[in-house]
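Novice: This one is input-v3.cif, mmCIF, C-alpha atoms.
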data_start
loop_
_atom_site.group_PDB
_atom_site.id
_atom_site.type_symbol
_atom_site.label_atom_id
_atom_site.label_comp_id
_atom_site.auth_asym_id
_atom_site.auth_seq_id
_atom_site.Cartn_x
_atom_site.Cartn_y
_atom_site.Cartn_z
ATOM 1 C CA ASP L 1 2.855 77.281 131.748
ATOM 2 C CA GLY L 2 3.656 75.384 128.586
ATOM 3 C CA GLY L 3 0.977 73.265 127.062
ATOM 4 C CA ILE L 4 -1.376 72.499 124.237
ATOM 5 C CA THR L 5 -4.456 74.598 123.616
ATOM 6 C CA GLN L 6 -7.340 73.256 121.616
ATOM 7 C CA SER L 7 -10.280 75.386 120.599
ATOM 8 C CA PRO L 8 -13.162 75.472 120.624
ATOM 9 C CA LYS L 9 -14.094 73.051 123.397
ATOM 10 C CA TYR L 10 -17.427 72.260 121.730
ATOM 11 C CA LEU L 11 -18.236 72.596 118.044
ATOM 12 C CA PHE L 12 -21.364 71.952 116.052
ATOM 13 C CA ARG L 13 -21.392 71.261 112.347
ATOM 14 C CA LYS L 14 -24.205 71.369 109.876
ATOM 15 C CA GLU L 15 -24.485 68.765 107.170
ATOM 16 C CA GLY L 16 -22.211 69.567 104.219
ATOM 17 C CA GLN L 17 -20.137 72.058 106.147
ATOM 18 C CA ASN L 18 -16.394 72.076 106.717
ATOM 19 C CA VAL L 19 -15.144 72.983 110.179
ATOM 20 C CA THR L 20 -11.648 73.644 111.458
ATOM 21 C CA LEU L 21 -10.352 72.659 114.869
ATOM 22 C CA SER L 22 -7.478 74.647 116.291
ATOM 23 C CA CYS L 23 -4.419 73.237 118.062
ATOM 24 C CA GLU L 24 -1.607 75.429 119.356
ATOM 25 C CA GLN L 25 1.380 74.383 121.448
ATOM 26 C CA ASN L 26 4.049 76.431 123.180
ATOM 27 C CA LEU L 27 6.224 73.473 124.176
ATOM 28 C CA ASN L 28 8.604 73.950 121.246
ATOM 29 C CA HIS L 29 7.760 70.434 120.076
ATOM 30 C CA ASP L 30 8.582 69.405 116.538
ATOM 31 C CA ALA L 31 5.912 66.746 116.149
ATOM 32 C CA MET L 32 2.152 67.181 116.394
ATOM 33 C CA TYR L 33 -0.684 64.706 116.090
ATOM 34 C CA TRP L 34 -4.446 64.556 115.713
ATOM 35 C CA TYR L 35 -6.454 61.697 117.188
ATOM 36 C CA ARG L 36 -10.098 60.843 117.173
ATOM 37 C CA GLN L 37 -11.597 59.269 120.308
ATOM 38 C CA ASP L 38 -14.853 57.338 120.110
ATOM 39 C CA PRO L 39 -16.422 55.464 123.045
ATOM 40 C CA GLY L 40 -14.961 51.980 123.303
ATOM 41 C CA GLN L 41 -12.569 52.630 120.403
ATOM 42 C CA GLY L 42 -9.614 54.224 122.122
ATOM 43 C CA LEU L 43 -7.624 56.808 120.198
ATOM 44 C CA ARG L 44 -7.103 56.518 116.455
ATOM 45 C CA LEU L 45 -4.528 58.573 114.581
ATOM 46 C CA ILE L 46 -5.880 60.903 111.903
ATOM 47 C CA TYR L 47 -2.821 62.884 110.790
ATOM 48 C CA TYR L 48 0.596 63.685 112.145
ATOM 49 C CA SER L 49 3.389 66.087 111.375
ATOM 50 C CA GLN L 50 7.015 65.583 112.331
ATOM 51 C CA ILE L 51 8.181 68.957 111.073
ATOM 52 C CA VAL L 52 6.869 72.228 109.686
ATOM 53 C CA ASN L 53 5.435 72.046 106.147
ATOM 54 C CA ASP L 54 5.246 68.260 106.273
ATOM 55 C CA PHE L 55 2.500 65.928 107.429
ATOM 56 C CA GLN L 56 1.472 62.323 106.971
ATOM 57 C CA LYS L 57 -1.809 60.430 106.966
ATOM 58 C CA GLY L 58 -2.599 58.301 109.950
ATOM 59 C CA ASP L 59 -4.954 55.350 110.135
ATOM 60 C CA ILE L 60 -8.223 57.227 109.490
ATOM 61 C CA ALA L 61 -7.320 60.274 107.381
ATOM 62 C CA GLU L 62 -10.245 60.096 104.951
ATOM 63 C CA GLY L 63 -12.480 63.146 105.211
ATOM 64 C CA TYR L 64 -9.900 65.197 107.087
ATOM 65 C CA SER L 65 -7.197 67.655 106.090
ATOM 66 C CA VAL L 66 -4.401 69.441 107.971
ATOM 67 C CA SER L 67 -1.739 72.062 107.489
ATOM 68 C CA ARG L 68 1.505 72.784 109.325
ATOM 69 C CA GLU L 69 2.649 76.247 108.350
ATOM 70 C CA LYS L 70 4.041 77.071 111.781
ATOM 71 C CA LYS L 71 5.741 74.916 114.383
ATOM 72 C CA GLU L 72 3.222 75.958 117.032
ATOM 73 C CA SER L 73 0.066 75.277 115.077
ATOM 74 C CA PHE L 74 -1.548 72.192 113.529
ATOM 75 C CA PRO L 75 -5.187 72.888 112.569
ATOM 76 C CA LEU L 76 -7.477 70.034 111.550
ATOM 77 C CA THR L 77 -10.293 70.515 109.045
ATOM 78 C CA VAL L 78 -13.182 68.095 109.156
ATOM 79 C CA THR L 79 -14.602 68.166 105.651
ATOM 80 C CA SER L 80 -18.066 67.324 104.424
ATOM 81 C CA ALA L 81 -16.567 64.093 103.067
ATOM 82 C CA GLN L 82 -16.248 62.790 106.633
ATOM 83 C CA LYS L 83 -19.535 60.931 106.999
ATOM 84 C CA ASN L 84 -19.362 60.281 110.716
ATOM 85 C CA PRO L 85 -17.610 63.288 112.252
ATOM 86 C CA THR L 86 -19.259 63.217 115.676
ATOM 87 C CA ALA L 87 -16.398 62.428 118.062
ATOM 88 C CA PHE L 88 -13.944 63.815 120.551
ATOM 89 C CA TYR L 89 -10.801 65.132 118.847
ATOM 90 C CA LEU L 90 -7.474 65.239 120.643
ATOM 91 C CA CYS L 91 -4.327 67.043 119.599
ATOM 92 C CA ALA L 92 -0.924 65.970 120.909
ATOM 93 C CA SER L 93 2.693 66.927 120.510
ATOM 94 C CA ASN L 94 6.154 65.694 121.388
ATOM 95 C CA SER L 95 9.777 66.007 120.488
ATOM 96 C CA PRO L 96 10.900 62.861 118.740
ATOM 97 C CA GLY L 97 14.108 63.073 120.737
ATOM 98 C CA GLY L 98 16.406 61.168 118.450
ATOM 99 C CA ALA L 99 16.574 57.460 119.237
ATOM 100 C CA VAL L 100 13.927 57.568 121.911
ATOM 101 C CA ARG L 101 10.552 59.056 121.257
ATOM 102 C CA GLN L 102 9.338 61.222 124.077
ATOM 103 C CA PRO L 103 5.843 60.837 125.555
ATOM 104 C CA GLN L 104 3.137 62.815 123.880
ATOM 105 C CA HIS L 105 1.447 65.710 125.634
ATOM 106 C CA PHE L 106 -2.270 66.101 124.994
ATOM 107 C CA GLY L 107 -4.666 69.015 124.745
ATOM 108 C CA ASP L 108 -8.086 69.117 126.427
ATOM 109 C CA GLY L 109 -9.884 68.097 123.264
ATOM 110 C CA THR L 110 -12.704 69.387 121.077
ATOM 111 C CA ARG L 111 -16.067 67.683 121.021
ATOM 112 C CA LEU L 112 -17.641 67.883 117.569
ATOM 113 C CA SER L 113 -21.327 67.206 117.044
ATOM 114 C CA ILE L 114 -23.560 67.240 113.991
ATOM 115 C CA LEU L 115 -26.682 69.402 113.998
ATOM 116 C CA ALA V 1 -0.323 45.071 111.845
ATOM 117 C CA GLN V 2 0.625 46.128 115.327
ATOM 118 C CA SER V 3 -2.178 46.199 117.863
ATOM 119 C CA VAL V 4 -2.761 46.774 121.553
ATOM 120 C CA SER V 5 -5.362 44.858 123.561
ATOM 121 C CA GLN V 6 -6.805 45.929 126.863
ATOM 122 C CA HIS V 7 -8.700 43.044 128.354
ATOM 123 C CA ASN V 8 -11.278 44.832 130.431
ATOM 124 C CA HIS V 9 -13.691 47.418 129.125
ATOM 125 C CA HIS V 10 -15.007 48.460 132.548
ATOM 126 C CA VAL V 11 -13.694 47.586 135.992
ATOM 127 C CA ILE V 12 -15.597 48.392 139.172
ATOM 128 C CA LEU V 13 -13.779 48.258 142.503
ATOM 129 C CA SER V 14 -14.312 49.365 146.059
ATOM 130 C CA GLU V 15 -11.845 51.708 147.698
ATOM 131 C CA ALA V 16 -8.728 49.962 149.048
ATOM 132 C CA ALA V 17 -9.084 47.074 146.602
ATOM 133 C CA SER V 18 -6.080 46.140 144.500
ATOM 134 C CA LEU V 19 -6.052 46.915 140.809
ATOM 135 C CA GLU V 20 -4.551 45.190 137.814
ATOM 136 C CA LEU V 21 -5.404 46.278 134.276
ATOM 137 C CA GLY V 22 -4.185 44.064 131.483
ATOM 138 C CA CYS V 23 -2.429 45.239 128.342
ATOM 139 C CA ASN V 24 -0.998 43.048 125.606
ATOM 140 C CA TYR V 25 0.566 44.122 122.356
ATOM 141 C CA SER V 26 1.379 42.314 119.161
ATOM 142 C CA TYR V 27 4.871 43.151 117.965
ATOM 143 C CA GLY V 28 8.063 41.143 118.203
ATOM 144 C CA GLY V 29 10.597 43.946 118.052
ATOM 145 C CA THR V 30 11.685 46.810 120.286
ATOM 146 C CA VAL V 31 8.909 48.822 121.868
ATOM 147 C CA ASN V 32 8.326 51.787 124.101
ATOM 148 C CA LEU V 33 5.303 51.336 126.363
ATOM 149 C CA PHE V 34 3.016 53.855 128.013
ATOM 150 C CA TRP V 35 0.003 54.086 130.243
ATOM 151 C CA TYR V 36 -2.112 57.214 129.982
ATOM 152 C CA VAL V 37 -5.004 58.228 132.234
ATOM 153 C CA GLN V 38 -7.984 60.427 131.423
ATOM 154 C CA TYR V 39 -9.845 61.714 134.476
ATOM 155 C CA PRO V 40 -13.437 62.851 133.873
ATOM 156 C CA GLY V 41 -13.414 66.154 132.010
ATOM 157 C CA GLN V 42 -9.634 66.328 131.834
ATOM 158 C CA HIS V 43 -7.006 65.781 129.188
ATOM 159 C CA LEU V 44 -4.973 62.627 128.752
ATOM 160 C CA GLN V 45 -2.026 62.493 131.136
ATOM 161 C CA LEU V 46 1.004 60.252 131.157
ATOM 162 C CA LEU V 47 0.882 57.820 134.078
ATOM 163 C CA LEU V 48 4.129 55.980 133.417
ATOM 164 C CA LYS V 49 6.403 54.824 130.625
ATOM 165 C CA TYR V 50 8.866 52.069 129.836
ATOM 166 C CA PHE V 51 11.740 52.628 127.440
ATOM 167 C CA SER V 52 14.420 50.207 128.657
ATOM 168 C CA GLY V 53 16.073 48.876 131.819
ATOM 169 C CA ASP V 54 14.167 47.703 134.882
ATOM 170 C CA PRO V 55 10.935 46.126 133.632
ATOM 171 C CA LEU V 56 9.084 47.221 136.760
ATOM 172 C CA VAL V 57 8.209 50.848 136.236
ATOM 173 C CA LYS V 58 6.833 53.177 138.870
ATOM 174 C CA GLY V 59 4.597 56.060 137.886
ATOM 175 C CA ILE V 60 2.644 58.813 139.510
ATOM 176 C CA LYS V 61 -0.033 58.365 142.191
ATOM 177 C CA GLY V 62 1.228 54.968 143.341
ATOM 178 C CA PHE V 63 0.773 53.199 140.006
ATOM 179 C CA GLU V 64 3.284 50.742 138.627
ATOM 180 C CA ALA V 65 3.518 48.523 135.567
ATOM 181 C CA GLU V 66 5.566 45.491 134.700
ATOM 182 C CA PHE V 67 6.901 44.795 131.235
ATOM 183 C CA ILE V 68 7.028 41.064 130.570
ATOM 184 C CA LYS V 69 8.625 40.681 127.173
ATOM 185 C CA SER V 70 7.911 36.966 126.847
ATOM 186 C CA LYS V 71 4.214 37.616 127.346
ATOM 187 C CA PHE V 72 4.094 40.853 125.309
ATOM 188 C CA SER V 73 2.396 42.404 128.306
ATOM 189 C CA PHE V 74 2.550 45.669 130.225
ATOM 190 C CA ASN V 75 -0.042 45.373 132.992
ATOM 191 C CA LEU V 76 -0.858 48.317 135.220
ATOM 192 C CA ARG V 77 -1.152 47.786 138.975
ATOM 193 C CA LYS V 78 -1.991 49.682 142.127
ATOM 194 C CA PRO V 79 -2.108 48.001 145.558
ATOM 195 C CA SER V 80 -4.961 50.093 146.955
ATOM 196 C CA VAL V 81 -7.245 52.240 144.795
ATOM 197 C CA GLN V 82 -8.964 55.437 145.838
ATOM 198 C CA TRP V 83 -12.182 57.032 144.651
ATOM 199 C CA SER V 84 -10.051 59.660 142.903
ATOM 200 C CA ASP V 85 -8.594 56.955 140.639
ATOM 201 C CA THR V 86 -11.911 56.789 138.800
ATOM 202 C CA ALA V 87 -10.891 57.447 135.208
ATOM 203 C CA GLU V 88 -10.270 55.835 131.849
ATOM 204 C CA TYR V 89 -6.879 54.185 131.380
ATOM 205 C CA PHE V 90 -5.167 53.712 128.028
ATOM 206 C CA CYS V 91 -2.220 51.505 127.224
ATOM 207 C CA ALA V 92 -0.096 52.627 124.258
ATOM 208 C CA VAL V 93 2.799 51.143 122.348
ATOM 209 C CA ASN V 94 5.381 52.819 120.177
ATOM 210 C CA ALA V 95 7.158 50.201 118.094
ATOM 211 C CA PHE V 96 10.502 50.469 116.379
ATOM 212 C CA ASN V 97 10.283 49.266 112.812
ATOM 213 C CA TYR V 98 12.726 46.691 111.561
ATOM 214 C CA GLY V 99 14.530 49.445 109.688
ATOM 215 C CA GLY V 100 15.186 51.172 113.016
ATOM 216 C CA SER V 101 12.719 54.001 112.581
ATOM 217 C CA GLN V 102 9.956 54.631 115.061
ATOM 218 C CA GLY V 103 6.365 53.948 114.251
ATOM 219 C CA ASN V 104 3.458 55.891 115.605
ATOM 220 C CA LEU V 105 1.814 55.440 118.963
ATOM 221 C CA ILE V 106 -0.832 52.695 118.934
ATOM 222 C CA PHE V 107 -3.481 52.934 121.645
ATOM 223 C CA GLY V 108 -5.602 50.265 123.221
ATOM 224 C CA LYS V 109 -9.352 50.825 123.436
ATOM 225 C CA GLY V 110 -9.168 51.887 127.053
ATOM 226 C CA THR V 111 -10.440 50.548 130.372
ATOM 227 C CA LYS V 112 -12.879 52.527 132.463
ATOM 228 C CA LEU V 113 -12.218 52.231 136.170
ATOM 229 C CA SER V 114 -14.990 53.094 138.600
ATOM 230 C CA VAL V 115 -14.041 53.139 142.273
ATOM 231 C CA LYS V 116 -16.900 53.034 144.762
ATOM 232 C CA PRO V 117 -16.331 55.080 147.939
#
Rewrite the structure of this file - the entire thing - as structure tokens.

Specialist:
Amino acid sequence: DGGITQSPKYLFRKEGQNVTLSCEQNLNHDAMYWYRQDPGQGLRLIYYSQIVNDFQKGDIAEGYSVSREKKESFPLTVTSAQKNPTAFYLCASNSPGGAVRQPQHFGDGTRLSIL
Amino acid sequence: AQSVSQHNHHVILSEAASLELGCNYSYGGTVNLFWYVQYPGQHLQLLLKYFSGDPLVKGIKGFEAEFIKSKFSFNLRKPSVQWSDTAEYFCAVNAFNYGGSQGNLIFGKGTKLSVKP
């Protein structure tokens, strides 16, 4: 079955440490997205990529970095500069579909906690 | 800036009660509208979407939503809820910029629905 795979499901970070969250999709989607979900805050866009080797900052990009070397993969690095990294991170993808953007498909998420 | 407001943070209903979750957005141009649902421990799933045409949209599991352009609203409804509808519901808007390009998806803060058996 096609879908989005995020790993790991749970991740713990020590102070001052960078960690990388994996997101892989086999839906042949061009666009991929990273969101952060906090209780009562909904989903906020961190970074997105419409095409390989290109990505754009979302609303809360500070302290995060991404790469898009392959169409299937869009890893997110939470750097030590992110002062409040504890959250649930969701990866999504879609095909922009020309004039009409298609609904985004979501992965199961990674829960990041600080030790 | 564009924004999406969901009026209720937490709604508690008994089974068979009717449901209406409010969603308003702030944007005067063309929009695509979505409702997503997140069941406990599961990923976000698309419940229904509105792109154009009939403003009354039917989704999965008996849900429907009505787009009222004059009110900038896209409220979600279900005539009779079940315990299995317990989940968090997110309204999302994808606005077309004045230049014709699409903006990113903007999510509301979500509404938790608890259905008592």

Novice: Let me make sure I understand: among L:Ser80, L:Asn28, L:Gln104, L:Ser73, which one has the smallest atom-to-atom distance to Arg13 of chain L if we use only C-alpha atoms?

Specialist: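 Answer, going by the shortest atom-to-atom distance: L:Ser80.
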
Novice: On this structure, which residues satisfy the PyMOL selection byres ((chain L) within 10 of (chain V)), written as a list in words?

Specialist: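 With the PyMOL selection byres ((chain L) within 10 of (chain V)) on this model, the match is Tyr33, Gln37, Asp38, Pro39, Gly40, Gln41, Gly42, Leu43, Arg44, Leu45, Tyr48, Gly58, Leu90, Ala92, Pro96, Gly98, Ala99, Val100, Arg101, Gln102, Pro103, Gln104, His105, Phe106, Gly107, Asp108 and Gly109 of chain L.
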
Novice: Step by step: start from the point (-6.0, 76.2, 120.8) in the file's coordinates, keep every protein, DNA or RNA residue that has an atom no farther than 12 Å from it, count all atoms listed in the file, and write the set as a PyMOL selection string.

Specialist: chain L and resi 3-9+20-26+72-76+90-92+106-110

Novice: Can you measure atom CA of Leu112 of chain L to atom CA of Glu69 of chain L for me? One decimal in Å is fine.

Specialist: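 Calculated distance between atom CA of Leu112 of chain L and atom CA of Glu69 of chain L is 23.8 Å.
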
Novice: Just say which residues the PyMOL selection byres ((chain L and resi 81) around 12) picks in this file, as a CSV table (one decimal) with C-alpha atoms, keeping the file's coordinate frame.

Specialist:
chain,number,residue,atom,x,y,z
L,15,GLU,CA,-24.5,68.8,107.2
L,16,GLY,CA,-22.2,69.6,104.2
L,17,GLN,CA,-20.1,72.1,106.1
L,18,ASN,CA,-16.4,72.1,106.7
L,19,VAL,CA,-15.1,73.0,110.2
L,61,ALA,CA,-7.3,60.3,107.4
L,62,GLU,CA,-10.2,60.1,105.0
L,63,GLY,CA,-12.5,63.1,105.2
L,64,TYR,CA,-9.9,65.2,107.1
L,65,SER,CA,-7.2,67.7,106.1
L,77,THR,CA,-10.3,70.5,109.0
L,78,VAL,CA,-13.2,68.1,109.2
L,79,THR,CA,-14.6,68.2,105.7
L,80,SER,CA,-18.1,67.3,104.4
L,82,GLN,CA,-16.2,62.8,106.6
L,83,LYS,CA,-19.5,60.9,107.0
L,84,ASN,CA,-19.4,60.3,110.7
L,85,PRO,CA,-17.6,63.3,112.3

Novice: I need the residue nearest Asp85 of chain V from this list: V:Tyr39, V:Tyr50, V:Phe67, V:Phe72. Use all atoms listed in the file for the distance.

Specialist: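 The answer is V:Tyr39, which sits nearest to Asp85 of chain V.
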
Novice: Quick one, how far is atom CA of Ser73 of chain V from atom CA of Tyr25 of chain V?

Specialist: 6.5 Å

Novice: Could you tell me how far atom CA of Ser70 of chain V lies from atom CA of Leu113 of chain V, in Å and to one decimal?

Specialist: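 Value for the atom CA of Ser70 of chain V-atom CA of Leu113 of chain V distance: 26.9 Å.
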
Novice: Using only C-alpha atoms, find the one residue out of V:Val115, V:Lys58, V:Asn24, V:Ser5 that sits nearest to Asn75 of chain V.

Specialist: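 Result for the nearest residue to Asn75 of chain V: V:Asn24.
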
Novice: Apply the PyMOL selection byres ((chain V and resi 77) around 7) to the file shown and report the selected residues as a list in words.

Specialist: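 Here the PyMOL selection byres ((chain V and resi 77) around 7) matches Leu19, Glu20, Leu21, Phe63, Glu64, Ala65, Asn75, Leu76, Lys78 and Pro79 of chain V.
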
Novice: Taking into account all atoms listed in the file, which residue in the set L:Ser113, L:Ser67, L:Ser95, L:Gln56 is nearest to Leu11 of chain L?

Specialist: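 Comparing L:Ser113, L:Ser67, L:Ser95, L:Gln56 against Leu11 of chain L, the winner is L:Ser113.
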
Novice: Out of V:Ser26, V:Gln82, V:Gln38, V:Ser3, which residue has the shortest atom-to-atom distance to Gly62 of chain V when counting only C-alpha atoms?

Specialist: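 Closest candidate: V:Gln82.
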
Novice: Which residue out of V:Val4, V:Ala87, V:Val11, V:Val81 has the minimum interatomic distance to Cys23 of chain V when only C-alpha atoms are used?

Specialist: V:Val4

Novice: Contacts of segment 51-54 of chain L at 8 Å or less, counting only C-alpha atoms, minus same-chain residues fewer than 6 places along, as a VMD selection string?

Specialist: chain L and resid 30 to 31 67 to 71

Novice: Provide segment 51-61 of chain L rebuilt to all heavy atoms, formatted as a compact mmCIF listing (two decimals), in the frame of the given file.

Specialist:
# COMPACT_ATOMS: atom_id res chain seq x y z
N ILE L 51 7.42 67.73 111.28
CA ILE L 51 8.18 68.96 111.07
C ILE L 51 7.31 69.93 110.30
O ILE L 51 6.35 69.52 109.63
CB ILE L 51 9.49 68.64 110.32
CG1 ILE L 51 10.49 69.78 110.47
CG2 ILE L 51 9.23 68.28 108.88
CD1 ILE L 51 11.88 69.40 110.00
N VAL L 52 7.64 71.20 110.39
CA VAL L 52 6.87 72.23 109.69
C VAL L 52 6.83 71.93 108.18
O VAL L 52 7.80 71.46 107.60
CB VAL L 52 7.50 73.62 109.95
CG1 VAL L 52 6.80 74.69 109.12
CG2 VAL L 52 7.39 73.96 111.41
N ASN L 53 5.68 72.22 107.59
CA ASN L 53 5.44 72.05 106.15
C ASN L 53 5.46 70.59 105.70
O ASN L 53 5.62 70.31 104.50
CB ASN L 53 6.43 72.87 105.31
CG ASN L 53 6.19 74.36 105.46
OD1 ASN L 53 5.04 74.80 105.54
ND2 ASN L 53 7.26 75.13 105.52
N ASP L 54 5.31 69.68 106.63
CA ASP L 54 5.25 68.26 106.27
C ASP L 54 4.25 67.56 107.18
O ASP L 54 4.22 67.82 108.38
CB ASP L 54 6.62 67.61 106.42
CG ASP L 54 6.60 66.17 105.93
OD1 ASP L 54 6.18 65.93 104.79
OD2 ASP L 54 6.97 65.28 106.73
N PHE L 55 3.42 66.70 106.62
CA PHE L 55 2.50 65.93 107.43
C PHE L 55 2.18 64.63 106.71
O PHE L 55 2.37 64.50 105.49
CB PHE L 55 1.21 66.72 107.73
CG PHE L 55 0.57 67.37 106.53
CD1 PHE L 55 -0.27 66.65 105.69
CD2 PHE L 55 0.79 68.71 106.26
CE1 PHE L 55 -0.86 67.26 104.59
CE2 PHE L 55 0.20 69.32 105.18
CZ PHE L 55 -0.62 68.59 104.34
N GLN L 56 1.73 63.66 107.49
CA GLN L 56 1.47 62.32 106.97
C GLN L 56 0.10 61.86 107.41
O GLN L 56 -0.38 62.20 108.50
CB GLN L 56 2.50 61.32 107.51
CG GLN L 56 3.94 61.72 107.29
CD GLN L 56 4.33 61.72 105.84
OE1 GLN L 56 3.77 60.98 105.05
NE2 GLN L 56 5.28 62.58 105.48
N LYS L 57 -0.53 61.01 106.60
CA LYS L 57 -1.81 60.43 106.97
C LYS L 57 -1.61 59.38 108.05
O LYS L 57 -0.64 58.63 108.04
CB LYS L 57 -2.46 59.77 105.74
CG LYS L 57 -2.92 60.75 104.70
CD LYS L 57 -3.60 60.02 103.55
CE LYS L 57 -4.09 61.02 102.51
NZ LYS L 57 -4.75 60.34 101.37
N GLY L 58 -2.56 59.36 108.96
CA GLY L 58 -2.60 58.30 109.95
C GLY L 58 -3.52 57.18 109.49
O GLY L 58 -3.69 56.95 108.30
N ASP L 59 -4.14 56.52 110.46
CA ASP L 59 -4.95 55.35 110.14
C ASP L 59 -6.33 55.69 109.57
O ASP L 59 -6.94 54.88 108.87
CB ASP L 59 -5.13 54.49 111.40
CG ASP L 59 -3.80 54.00 111.93
OD1 ASP L 59 -2.94 53.63 111.11
OD2 ASP L 59 -3.61 54.02 113.16
N ILE L 60 -6.85 56.88 109.89
CA ILE L 60 -8.22 57.23 109.49
C ILE L 60 -8.28 58.64 108.92
O ILE L 60 -9.05 59.47 109.34
CB ILE L 60 -9.20 57.08 110.68
CG1 ILE L 60 -8.73 57.88 111.90
CG2 ILE L 60 -9.37 55.62 111.08
CD1 ILE L 60 -9.81 58.08 112.94
N ALA L 61 -7.46 58.92 107.92
CA ALA L 61 -7.32 60.27 107.38
C ALA L 61 -8.45 60.69 106.45
O ALA L 61 -8.62 61.89 106.19
CB ALA L 61 -5.99 60.40 106.66
